[in-house]
Structure formats: C-alpha cells, structure tokens
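*Asks:* One file: query.txt (compact mmCIF, C-alpha atoms).
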# COMPACT_ATOMS: atom_id res chain seq x y z
CA MET A 1 89.94 105.36 87.34
CA ALA A 2 87.68 103.64 89.85
CA PHE A 3 88.84 102.91 93.38
CA ILE A 4 87.48 100.90 96.28
CA ILE A 5 88.95 100.76 99.78
CA LEU A 6 88.90 97.67 101.98
CA ASP A 7 89.82 97.00 105.57
CA ARG A 8 91.96 93.86 105.90
CA ASP A 9 91.32 91.82 109.06
CA GLY A 10 87.73 90.60 109.30
CA VAL A 11 87.01 91.60 105.68
CA ILE A 12 89.61 89.84 103.51
CA ASN A 13 91.03 87.45 106.10
CA TYR A 14 89.83 86.03 109.37
CA GLU A 15 90.12 88.34 112.39
CA SER A 16 92.14 87.25 115.43
CA ASP A 17 91.82 88.66 118.95
CA SER A 18 95.52 87.84 119.39
CA TYR A 19 96.50 89.60 116.11
CA ILE A 20 97.73 88.15 112.84
CA LYS A 21 101.43 87.83 113.70
CA SER A 22 102.79 85.67 110.89
CA PRO A 23 102.00 84.66 107.31
CA ASP A 24 100.81 81.27 108.64
CA GLU A 25 98.15 83.02 110.73
CA TRP A 26 96.82 84.97 107.73
CA LEU A 27 93.86 82.95 106.39
CA PRO A 28 91.51 84.37 103.75
CA ILE A 29 87.77 84.34 104.30
CA PRO A 30 86.21 82.08 101.66
CA GLY A 31 85.23 84.09 98.59
CA SER A 32 87.12 87.24 99.56
CA LEU A 33 90.05 86.82 97.17
CA LYS A 34 87.80 86.03 94.21
CA ALA A 35 85.69 89.09 95.12
CA ILE A 36 88.80 91.29 94.89
CA ALA A 37 89.71 89.68 91.54
CA ASP A 38 86.16 90.43 90.34
CA LEU A 39 86.63 94.08 91.34
CA ASN A 40 89.92 94.20 89.41
CA ALA A 41 88.30 92.59 86.36
CA SER A 42 85.62 95.30 86.47
CA GLY A 43 88.20 98.10 86.46
CA PHE A 44 88.56 98.81 90.19
CA ASN A 45 91.86 99.65 91.83
CA VAL A 46 91.70 98.08 95.27
CA LEU A 47 93.36 99.84 98.21
CA ILE A 48 93.61 98.51 101.75
CA ALA A 49 93.44 100.66 104.89
CA THR A 50 94.39 98.65 107.98
CA ASN A 51 95.33 99.37 111.58
CA GLN A 52 98.37 97.29 112.56
CA SER A 53 99.05 98.23 116.18
CA GLY A 54 100.70 94.84 116.66
CA ILE A 55 103.86 96.59 115.45
CA ALA A 56 103.72 99.19 118.25
CA ARG A 57 102.82 96.44 120.73
CA GLY A 58 105.96 94.50 119.74
CA LEU A 59 104.03 91.46 118.49
CA TYR A 60 105.62 91.64 115.03
CA ASP A 61 107.65 94.10 113.00
CA ALA A 62 107.26 95.81 109.63
CA GLN A 63 109.24 93.05 107.91
CA VAL A 64 106.83 90.38 109.17
CA LEU A 65 103.90 92.56 108.10
CA ASP A 66 105.47 92.74 104.63
CA LEU A 67 105.63 88.92 104.57
CA ILE A 68 101.96 88.70 105.57
CA HIS A 69 101.05 91.11 102.78
CA LYS A 70 103.25 89.18 100.35
CA LYS A 71 101.21 86.05 101.15
CA LEU A 72 97.99 88.01 100.59
CA MET A 73 99.27 89.23 97.20
CA GLU A 74 100.49 85.78 96.14
CA GLU A 75 97.22 84.05 97.03
CA LEU A 76 95.28 86.85 95.35
CA ALA A 77 97.38 86.51 92.17
CA LEU A 78 96.43 82.82 92.00
CA VAL A 79 92.79 83.87 91.39
CA GLY A 80 93.72 86.73 89.05
CA GLY A 81 93.53 89.63 91.49
CA TYR A 82 95.81 92.30 92.85
CA ILE A 83 95.93 95.12 95.39
CA THR A 84 97.07 98.52 94.14
CA GLU A 85 98.53 99.46 97.53
CA ILE A 86 98.23 98.69 101.23
CA PHE A 87 98.20 101.63 103.64
CA TYR A 88 98.63 100.77 107.31
CA CYS A 89 98.88 102.49 110.66
CA PRO A 90 101.63 100.93 112.82
CA HIS A 91 100.80 103.02 115.91
CA HIS A 92 99.38 102.09 119.29
CA PRO A 93 95.83 103.35 119.96
CA TYR A 94 97.20 105.59 122.73
CA ASP A 95 99.58 107.36 120.35
CA GLN A 96 96.76 109.60 119.12
CA CYS A 97 98.17 109.56 115.57
CA ARG A 98 96.20 110.88 112.63
CA CYS A 99 96.35 107.66 110.61
CA ARG A 100 94.71 105.20 113.00
CA LYS A 101 91.10 104.48 112.17
CA PRO A 102 88.54 105.81 113.22
CA LYS A 103 90.48 108.90 112.16
CA PRO A 104 90.47 109.33 108.38
CA GLY A 105 94.24 109.77 107.94
CA LEU A 106 94.88 106.62 105.90
CA LEU A 107 92.02 107.45 103.55
CA LEU A 108 93.25 111.02 103.17
CA GLN A 109 96.76 109.72 102.40
CA MET A 110 95.22 107.62 99.64
CA SER A 111 93.44 110.64 98.17
CA LYS A 112 96.72 112.58 98.08
CA LYS A 113 98.55 109.79 96.26
CA TYR A 114 95.81 108.64 93.87
CA PRO A 115 93.11 110.47 91.88
CA ILE A 116 90.33 109.34 94.21
CA ASN A 117 87.05 111.13 94.67
CA LEU A 118 86.35 109.90 98.20
CA SER A 119 82.68 110.94 98.01
CA GLU A 120 82.23 108.38 95.22
CA THR A 121 84.37 105.68 96.82
CA TYR A 122 83.12 102.70 98.81
CA PHE A 123 85.02 101.79 101.96
CA ILE A 124 84.19 98.27 103.13
CA GLY A 125 84.98 97.37 106.73
CA ASP A 126 83.83 95.19 109.59
CA SER A 127 84.11 97.58 112.55
CA LEU A 128 82.71 100.79 113.94
CA ARG A 129 86.09 102.48 113.45
CA ASP A 130 86.00 101.56 109.74
CA ILE A 131 82.56 103.10 109.33
CA GLU A 132 83.58 106.23 111.27
CA ALA A 133 86.81 106.67 109.26
CA GLY A 134 84.86 106.28 106.02
CA GLN A 135 82.26 108.81 107.11
CA GLN A 136 84.87 111.35 108.25
CA ALA A 137 86.70 111.03 104.93
CA GLY A 138 83.43 111.43 103.02
CA CYS A 139 83.45 107.87 101.63
CA LYS A 140 80.45 105.61 101.13
CA PRO A 141 80.91 103.17 104.02
CA MET A 142 79.72 99.58 103.87
CA LEU A 143 79.82 96.95 106.59
CA VAL A 144 80.44 93.23 106.25
CA LEU A 145 79.17 90.89 108.94
CA THR A 146 82.35 88.80 108.95
CA GLY A 147 84.99 89.70 111.53
CA ASN A 148 83.42 92.14 114.01
CA GLY A 149 80.47 93.11 111.80
CA ARG A 150 77.73 91.14 113.59
CA GLN A 151 78.80 92.49 116.97
CA VAL A 152 78.97 96.04 115.59
CA ILE A 153 75.38 95.84 114.28
CA ALA A 154 74.20 94.36 117.60
CA GLU A 155 75.89 97.06 119.68
CA HIS A 156 75.12 99.98 117.32
CA PRO A 157 71.65 99.39 115.84
CA HIS A 158 71.74 102.83 114.16
CA LEU A 159 74.34 101.37 111.78
CA LYS A 160 71.65 99.18 110.21
CA SER A 161 71.11 102.15 107.88
CA ILE A 162 74.66 101.61 106.54
CA PRO A 163 74.62 99.06 103.71
CA HIS A 164 75.69 95.78 105.29
CA PHE A 165 76.38 92.40 103.78
CA LEU A 166 77.09 88.84 104.82
CA ASP A 167 80.68 89.00 103.53
CA LEU A 168 82.99 90.74 101.09
CA ALA A 169 81.76 88.64 98.17
CA SER A 170 78.16 89.82 98.64
CA ALA A 171 79.27 93.43 99.17
CA VAL A 172 81.28 93.29 95.93
CA GLU A 173 78.30 91.81 94.11
CA TYR A 174 76.29 94.87 95.23
CA VAL A 175 79.05 97.29 94.13
CA LEU A 176 79.38 95.64 90.72
CA SER A 177 75.62 95.54 90.13
CA ASN A 178 75.44 99.28 90.91
CA LYS A 179 78.33 99.93 88.54
CA ARG A 180 76.51 98.10 85.74
CA LYS A 181 73.39 100.22 86.34
CA SER A 182 75.27 103.51 86.02
What is this structure when it is put down as structure tokens?
*Replies:*
Amino acid sequence: MAFIILDRDGVINYESDSYIKSPDEWLPIPGSLKAIADLNASGFNVLIATNQSGIARGLYDAQVLDLIHKKLMEELALVGGYITEIFYCPHHPYDQCRCRKPKPGLLLQMSKKYPINLSETYFIGDSLRDIEAGQQAGCKPMLVLTGNGRQVIAEHPHLKSIPHFLDLASAVEYVLSNKRKS
C-alpha cells in the first residue's frame, strides 16, 4: 500500500490570511484535484495533515470544518479522486500540543493507524512548518511554491535543497515518474 501526505491550505486549495471559514471560501488551486486523482489512479492512498487553529480561535467549529472537507471530497470525486483520511490539529499555536505542525504528531498518528513507512513517504507542503514536521517524522518532504512556498524559499534559502515545485500537479508528476522508474 502506497501513501502520500499532503498539507491542505496552499497546496490543494488557495491559502487565506483570514482563514478558510466556510465551504464557499474553499477554492481549489487549478490542477490540484486532478493531481490527487492521478495519485489515486496510480495506487496512492492520499492523507491530509492540516493545522486548523481557526477552531481554537473561534472562527469556525468542527462542524463547519466537516462541511469544508465535504466540499473538498465532492469536488475531488467529480474528477475521480478521493482522500483516504484528513487529520487535523484544532489547537491554537500557544497550546503547545503535539499534533500542530511543525511537530510531527499528525504524521505519527497516521503511521499508527495505517501501514505507512514514513521514511518512504512523501509529505508535500507549502510552509516551513510542513517541511519541519515531515523531517521530524522521517518523511521525504517536498515544497510547492503555491500558498506560502515562494516566501518560504525566499526567507529560508537552505530549503532550496528540498525538492520544490511550481504546484501540486508538478510535484505529483515528479512522484509518479519516480514510481514508474522503480
């Protein structure tokens, strides 16, 4: 069973400085849903690891988050894709929980629930905290330049050694071409 882990905001859908607080605000980045469907068609189980501190901040609740994720799943199904499961951290950054990225808690939860070899698993994100969580969990981190990715590369030039791609579609193309070679 092959797995791949994705961040949500800035990777699959557009990022918002004021948070994605409703299904109407959730807008997919062009090509991202088809990229996930391509992963599924190639045998990948897709998991999402996302920080959702908007819950702790009182901007939305778990029921609204479920509706946002329902929209994601419905739009993804229209192109033949699916998400195996979404793992999220509802905590405020000051809570010092173990599941909020850059800590690896969400990724470790995934490895307890599913037969994932994290050292062979790509984790695609758009932020420094995604890269750090992936590294701490032993994943193979990748960075997309959508969302916060361009700013992250500009502020942390050492991350240029991490594979980075224009968007999720080009990152998935890389993953699938490597899978075909092996």
*Asks:* Counting all atoms listed in the file, figure out which residue out of A:Tyr82, A:Ser177, A:Tyr94, A:Ile4 gets nearest to A:Lys140.
*Replies:*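 Looking only at the distances to A:Lys140, the closest residue turns out to be A:Ile4.
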*Asks:* At most 10 Å from (106.9, 88.3, 113.0), file frame, only C-alpha atoms: which residues, as a tab-separated table (two decimals) with C-alpha atoms, in the coordinates of the input?
*Replies:*
chain	number	residue	atom	x	y	z
A	20	ILE	CA	97.73	88.15	112.84
A	21	LYS	CA	101.43	87.83	113.70
A	22	SER	CA	102.79	85.67	110.89
A	23	PRO	CA	102.00	84.66	107.31
A	54	GLY	CA	100.70	94.84	116.66
A	55	ILE	CA	103.86	96.59	115.45
A	58	GLY	CA	105.96	94.50	119.74
A	59	LEU	CA	104.03	91.46	118.49
A	60	TYR	CA	105.62	91.64	115.03
A	61	ASP	CA	107.65	94.10	113.00
A	62	ALA	CA	107.26	95.81	109.63
A	63	GLN	CA	109.24	93.05	107.91
A	64	VAL	CA	106.83	90.38	109.17
A	65	LEU	CA	103.90	92.56	108.10
A	66	ASP	CA	105.47	92.74	104.63
A	67	LEU	CA	105.63	88.92	104.57
A	68	ILE	CA	101.96	88.70	105.57
*Asks:* Using all atoms listed in the file, which residue out of A:Val79, A:Ile162, A:Met110, A:Ile86 lies closest to A:Ile131?
*Replies:*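 Nearest to A:Ile131: A:Ile162.
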*Asks:* Considering all atoms listed in the file, state which residue in the set A:Val11, A:Leu78, A:Ile116, A:Ala133 is at the smallest distance from A:Arg100.
*Replies:* A:Ala133
*Asks:* Please list, as a PyMOL selection string, the residues that have an atom at most 10 Å away from (88.7, 89.4, 88.8) in the coordinates of this file, counting only C-alpha atoms.
*Replies:* chain A and resi 33-44+76-77+79-82
*Asks:* Rebuild stretch 165-176 of chain A to all heavy atoms - output it as a short mmCIF file (atom, residue, chain, number, x, y, z; two decimals), keeping the file's coordinate frame, please.
*Replies:*
data_model
loop_
_atom_site.label_atom_id
_atom_site.label_comp_id
_atom_site.auth_asym_id
_atom_site.auth_seq_id
_atom_site.Cartn_x
_atom_site.Cartn_y
_atom_site.Cartn_z
N PHE A 165 76.42 93.61 104.58
CA PHE A 165 76.38 92.40 103.78
C PHE A 165 76.99 91.24 104.55
O PHE A 165 77.81 91.45 105.43
CB PHE A 165 77.15 92.61 102.47
CG PHE A 165 76.60 93.75 101.67
CD1 PHE A 165 77.06 95.05 101.87
CD2 PHE A 165 75.58 93.54 100.75
CE1 PHE A 165 76.53 96.11 101.17
CE2 PHE A 165 75.05 94.60 100.03
CZ PHE A 165 75.53 95.89 100.23
N LEU A 166 76.60 90.05 104.16
CA LEU A 166 77.09 88.84 104.82
C LEU A 166 78.62 88.77 104.81
O LEU A 166 79.24 88.45 105.81
CB LEU A 166 76.49 87.61 104.13
CG LEU A 166 76.83 86.25 104.73
CD1 LEU A 166 76.32 86.17 106.16
CD2 LEU A 166 76.25 85.14 103.87
N ASP A 167 79.22 89.11 103.67
CA ASP A 167 80.68 89.00 103.53
C ASP A 167 81.14 89.89 102.39
O ASP A 167 80.32 90.56 101.74
CB ASP A 167 81.09 87.55 103.31
CG ASP A 167 80.41 86.89 102.11
OD1 ASP A 167 79.82 87.60 101.25
OD2 ASP A 167 80.46 85.66 102.02
N LEU A 168 82.44 89.89 102.14
CA LEU A 168 82.99 90.74 101.09
C LEU A 168 82.43 90.36 99.73
O LEU A 168 82.13 91.23 98.91
CB LEU A 168 84.52 90.66 101.09
CG LEU A 168 85.23 91.52 100.05
CD1 LEU A 168 84.89 93.00 100.21
CD2 LEU A 168 86.73 91.31 100.13
N ALA A 169 82.27 89.07 99.48
CA ALA A 169 81.76 88.64 98.17
C ALA A 169 80.39 89.24 97.89
O ALA A 169 80.13 89.74 96.79
CB ALA A 169 81.72 87.12 98.10
N SER A 170 79.50 89.25 98.88
CA SER A 170 78.16 89.82 98.64
C SER A 170 78.21 91.35 98.56
O SER A 170 77.45 91.95 97.80
CB SER A 170 77.14 89.32 99.66
OG SER A 170 77.58 89.52 100.97
N ALA A 171 79.11 91.98 99.28
CA ALA A 171 79.27 93.43 99.17
C ALA A 171 79.78 93.80 97.77
O ALA A 171 79.30 94.76 97.15
CB ALA A 171 80.23 93.95 100.24
N VAL A 172 80.73 93.03 97.27
CA VAL A 172 81.28 93.29 95.93
C VAL A 172 80.22 93.06 94.86
O VAL A 172 80.12 93.82 93.90
CB VAL A 172 82.54 92.43 95.69
CG1 VAL A 172 82.93 92.39 94.22
CG2 VAL A 172 83.69 92.96 96.54
N GLU A 173 79.40 92.05 95.06
CA GLU A 173 78.30 91.81 94.11
C GLU A 173 77.40 93.05 94.03
O GLU A 173 77.00 93.46 92.95
CB GLU A 173 77.51 90.58 94.59
CG GLU A 173 76.50 90.05 93.61
CD GLU A 173 75.84 88.78 94.15
OE1 GLU A 173 76.56 87.81 94.43
OE2 GLU A 173 74.61 88.80 94.29
N TYR A 174 77.11 93.64 95.17
CA TYR A 174 76.29 94.87 95.23
C TYR A 174 76.99 96.02 94.50
O TYR A 174 76.39 96.72 93.68
CB TYR A 174 76.04 95.24 96.70
CG TYR A 174 75.41 96.59 96.91
CD1 TYR A 174 74.03 96.76 96.81
CD2 TYR A 174 76.19 97.70 97.21
CE1 TYR A 174 73.45 98.00 97.01
CE2 TYR A 174 75.63 98.94 97.41
CZ TYR A 174 74.25 99.09 97.31
OH TYR A 174 73.69 100.32 97.50
N VAL A 175 78.29 96.21 94.77
CA VAL A 175 79.05 97.29 94.13
C VAL A 175 79.06 97.10 92.61
O VAL A 175 78.81 98.06 91.87
CB VAL A 175 80.50 97.32 94.67
CG1 VAL A 175 81.38 98.24 93.84
CG2 VAL A 175 80.52 97.77 96.13
N LEU A 176 79.30 95.89 92.16
CA LEU A 176 79.38 95.64 90.72
C LEU A 176 78.02 95.76 90.05
O LEU A 176 77.93 96.25 88.92
CB LEU A 176 80.01 94.27 90.45
CG LEU A 176 81.47 94.15 90.90
CD1 LEU A 176 82.01 92.75 90.59
CD2 LEU A 176 82.35 95.22 90.29
#
